[in-house]
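K.L.:
Starting off with a structure, shown below.
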Amino acid sequence: MELQGRVALVTGAGSGIGKAAALRLAREGAMVGVLSHTEDEIRKTADEIGHAGGKALPLVADVADDGQMRKAVADLVAAYGRLDVVFANAGINGVWAPIDELQPEEWDRTINTNLRGTYLTLHHAVPHLKRAGGSIIITASINGSRTFTSAGATAYSATKAAQVAMAQMLAVELAKHKIRVNVVCPGKIDTEIQENTQQRNTEEAKVPAEYPRGPIPLTGSEPGTSEDVAELVLFLASDRSRHITGTPVWIDGGQSLLV
């Protein structure tokens, strides 16, 4: 029970990495604010935590909406009295298309969810973290941080690169408040995000690559699991990582070393 008595906020907690992390943090004793824009999903996550003996508060909000995020963070702190861990995980792949075909509204939606959403999450959470210190973990990606070959993923990769830069800037800014800021950079993970990606004419932007034994050295073609990432999130949320800040951690089985 490494996180007994602590309070965590997890965005994008309705499925995938966010849900796995919320469940893992709760098993270690954290009271978790589980946030998503999809009410049915987030209530299921909260119910799973509750049935396992943990505590969770479902929070319905669009991470790109200032008013909704202000209220969600305020509601979490009002319910549990503090905030110690923030996992800014919510994000979308958005539309992947050649730059001359990617439309302004498609670019804006990806930027708003991934980058503005991360900013608003931290903007409203940091004043509470400053009271006693804590840990911020941001979900970025191997895209934009170590690989640049996902055809048409310019908007997505730009947000992921920016999240790494944001974390490193804030690691310095917030260190005096005993707040650590780190980044997890997943490769191929067994979530539904790829199925929700809209790809259009990506062959135009594609550069061919060949892999001798699948694109993931550790496993061949098998993706990592959301639970694998959740274990890393737990480590970064806990005191075991007390001397780690401003650090991106690639969790991809070596995938990004090939591509």
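Letters A, B, ... mark the chains of the structure tokens in the order given; residue numbers begin at 1 per chain; ligand numbers begin at 1, in order shown.
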Skip region 123-131 of chain A itself and residues of its chain fewer than 6 positions away, then list as a list of chain:residue names all residues within 9 Å of it, counting only C-alpha atoms.
P.N.:
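Those residues are A:Leu9, A:Asp66, A:Met69, A:Arg70, A:Val73, A:Ala74, A:Val77, A:Arg82, A:Leu83, A:Asp84, A:Val85, A:Val86, A:Leu174, A:His177, A:Lys178, A:Ile179.
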K.L.:
With N, CA, C and O atoms retained, could you export that selection as an mmCIF file, in the first residue's frame?
P.N.:
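Wrote out-v1.cif, looks like this:
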```cif
data_model
loop_
_atom_site.group_PDB
_atom_site.id
_atom_site.type_symbol
_atom_site.label_atom_id
_atom_site.label_comp_id
_atom_site.auth_asym_id
_atom_site.auth_seq_id
_atom_site.Cartn_x
_atom_site.Cartn_y
_atom_site.Cartn_z
ATOM 1 N N LEU A 9 -5.217 12.001 -9.382
ATOM 2 C CA LEU A 9 -6.109 12.329 -10.487
ATOM 3 C C LEU A 9 -5.580 11.637 -11.733
ATOM 4 O O LEU A 9 -4.403 11.785 -12.072
ATOM 5 N N ASP A 66 -11.712 24.583 -20.052
ATOM 6 C CA ASP A 66 -11.180 25.213 -18.847
ATOM 7 C C ASP A 66 -12.144 25.111 -17.672
ATOM 8 O O ASP A 66 -11.767 24.695 -16.566
ATOM 9 N N MET A 69 -12.567 21.489 -16.355
ATOM 10 C CA MET A 69 -11.395 20.985 -15.637
ATOM 11 C C MET A 69 -11.221 21.685 -14.289
ATOM 12 O O MET A 69 -10.825 21.053 -13.304
ATOM 13 N N ARG A 70 -11.523 22.958 -14.229
ATOM 14 C CA ARG A 70 -11.452 23.672 -12.948
ATOM 15 C C ARG A 70 -12.401 23.018 -11.938
ATOM 16 O O ARG A 70 -12.035 22.768 -10.791
ATOM 17 N N VAL A 73 -11.212 19.292 -10.825
ATOM 18 C CA VAL A 73 -10.132 19.284 -9.839
ATOM 19 C C VAL A 73 -10.650 19.781 -8.493
ATOM 20 O O VAL A 73 -10.324 19.208 -7.439
ATOM 21 N N ALA A 74 -11.469 20.820 -8.510
ATOM 22 C CA ALA A 74 -12.033 21.348 -7.264
ATOM 23 C C ALA A 74 -12.906 20.304 -6.575
ATOM 24 O O ALA A 74 -12.865 20.152 -5.342
ATOM 25 N N VAL A 77 -10.616 17.627 -4.872
ATOM 26 C CA VAL A 77 -9.989 18.118 -3.648
ATOM 27 C C VAL A 77 -11.027 18.309 -2.542
ATOM 28 O O VAL A 77 -10.760 18.029 -1.366
ATOM 29 N N ARG A 82 -7.131 16.759 -0.565
ATOM 30 C CA ARG A 82 -5.755 16.998 -1.006
ATOM 31 C C ARG A 82 -5.561 16.440 -2.408
ATOM 32 O O ARG A 82 -6.449 15.792 -2.961
ATOM 33 N N LEU A 83 -4.368 16.674 -2.969
ATOM 34 C CA LEU A 83 -4.014 16.088 -4.257
ATOM 35 C C LEU A 83 -2.502 15.859 -4.253
ATOM 36 O O LEU A 83 -1.721 16.763 -3.957
ATOM 37 N N ASP A 84 -2.091 14.630 -4.556
ATOM 38 C CA ASP A 84 -0.687 14.244 -4.480
ATOM 39 C C ASP A 84 -0.100 13.760 -5.796
ATOM 40 O O ASP A 84 1.103 13.904 -6.019
ATOM 41 N N VAL A 85 -0.925 13.153 -6.627
ATOM 42 C CA VAL A 85 -0.449 12.541 -7.871
ATOM 43 C C VAL A 85 -1.370 12.957 -9.007
ATOM 44 O O VAL A 85 -2.603 12.899 -8.869
ATOM 45 N N VAL A 86 -0.786 13.368 -10.124
ATOM 46 C CA VAL A 86 -1.566 13.670 -11.327
ATOM 47 C C VAL A 86 -1.003 12.856 -12.482
ATOM 48 O O VAL A 86 0.196 12.954 -12.789
ATOM 49 N N LEU A 174 9.026 23.451 -10.911
ATOM 50 C CA LEU A 174 8.277 22.967 -9.743
ATOM 51 C C LEU A 174 9.139 22.221 -8.728
ATOM 52 O O LEU A 174 8.631 21.822 -7.674
ATOM 53 N N HIS A 177 9.046 23.182 -5.132
ATOM 54 C CA HIS A 177 7.822 22.818 -4.424
ATOM 55 C C HIS A 177 7.743 21.320 -4.140
ATOM 56 O O HIS A 177 6.706 20.820 -3.721
ATOM 57 N N LYS A 178 8.846 20.617 -4.398
ATOM 58 C CA LYS A 178 8.911 19.166 -4.192
ATOM 59 C C LYS A 178 7.909 18.424 -5.072
ATOM 60 O O LYS A 178 7.334 17.409 -4.679
ATOM 61 N N ILE A 179 7.725 18.952 -6.264
ATOM 62 C CA ILE A 179 6.858 18.309 -7.253
ATOM 63 C C ILE A 179 7.751 17.749 -8.358
ATOM 64 O O ILE A 179 8.518 18.485 -8.982
#
```
K.L.:
Per DSSP on the backbone, filter region 29-89 of chain A down to the residues in strand (DSSP E or B) and report them as an MDAnalysis selection string.
P.N.:
chainID A and resid 31:36 55:60 85:88
K.L.:
Considering only C-alpha atoms, return as a PyMOL selection string whatever protein or nucleic-acid residues lie within 9 Å of Gly117 (chain A), sequence-local ones (same chain, fewer than 2 positions apart) excluded.
P.N.:
chain A and resi 62-66+69+88+90-91+111-115+119-122
K.L.:
Once you have the residues from the selection above, write them out as a PDB file, in the first residue's frame, restricted to C-alpha atoms.
P.N.:
```pdb
ATOM      1  CA  ASP A  62     -13.505  17.446 -21.372  1.00  0.00           C
ATOM      2  CA  VAL A  63      -9.806  18.027 -20.676  1.00  0.00           C
ATOM      3  CA  ALA A  64      -9.781  20.823 -23.263  1.00  0.00           C
ATOM      4  CA  ASP A  65     -12.507  22.771 -21.443  1.00  0.00           C
ATOM      5  CA  ASP A  66     -11.180  25.213 -18.847  1.00  0.00           C
ATOM      6  CA  MET A  69     -11.395  20.985 -15.637  1.00  0.00           C
ATOM      7  CA  ALA A  88      -2.209  13.508 -17.316  1.00  0.00           C
ATOM      8  CA  ALA A  90      -5.979  11.786 -21.790  1.00  0.00           C
ATOM      9  CA  GLY A  91      -5.249  12.078 -25.481  1.00  0.00           C
ATOM     10  CA  ILE A 111      -3.733  20.078 -30.329  1.00  0.00           C
ATOM     11  CA  ASN A 112      -6.653  21.003 -28.076  1.00  0.00           C
ATOM     12  CA  THR A 113      -7.109  17.536 -26.605  1.00  0.00           C
ATOM     13  CA  ASN A 114      -3.497  16.496 -26.242  1.00  0.00           C
ATOM     14  CA  LEU A 115      -1.657  19.721 -25.493  1.00  0.00           C
ATOM     15  CA  TYR A 119      -1.902  22.241 -19.807  1.00  0.00           C
ATOM     16  CA  LEU A 120      -5.354  22.656 -18.248  1.00  0.00           C
ATOM     17  CA  THR A 121      -4.976  19.502 -16.160  1.00  0.00           C
ATOM     18  CA  LEU A 122      -1.720  20.779 -14.669  1.00  0.00           C
TER      19      LEU A 122
END
```
K.L.:
With only C-alpha atoms as the atoms that count, which of A:Gly94, A:Ala30, A:Thr118, A:Gln199 lies nearest to Ser157 (chain A)?
P.N.:
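Of all the options, A:Gly94 lies closest to Ser157 (chain A).
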K.L.:
Suppose you want the space between CA of Glu222 (chain A) and CA of Ser141 (chain A); what is it in Å?
P.N.:
17.4 Å
K.L.:
Which residue gives the smallest distance to Met31 (chain A) among A:Gly224, A:Pro104, A:Gly5, A:Gly144, with only C-alpha atoms counted?
P.N.:
A:Gly5
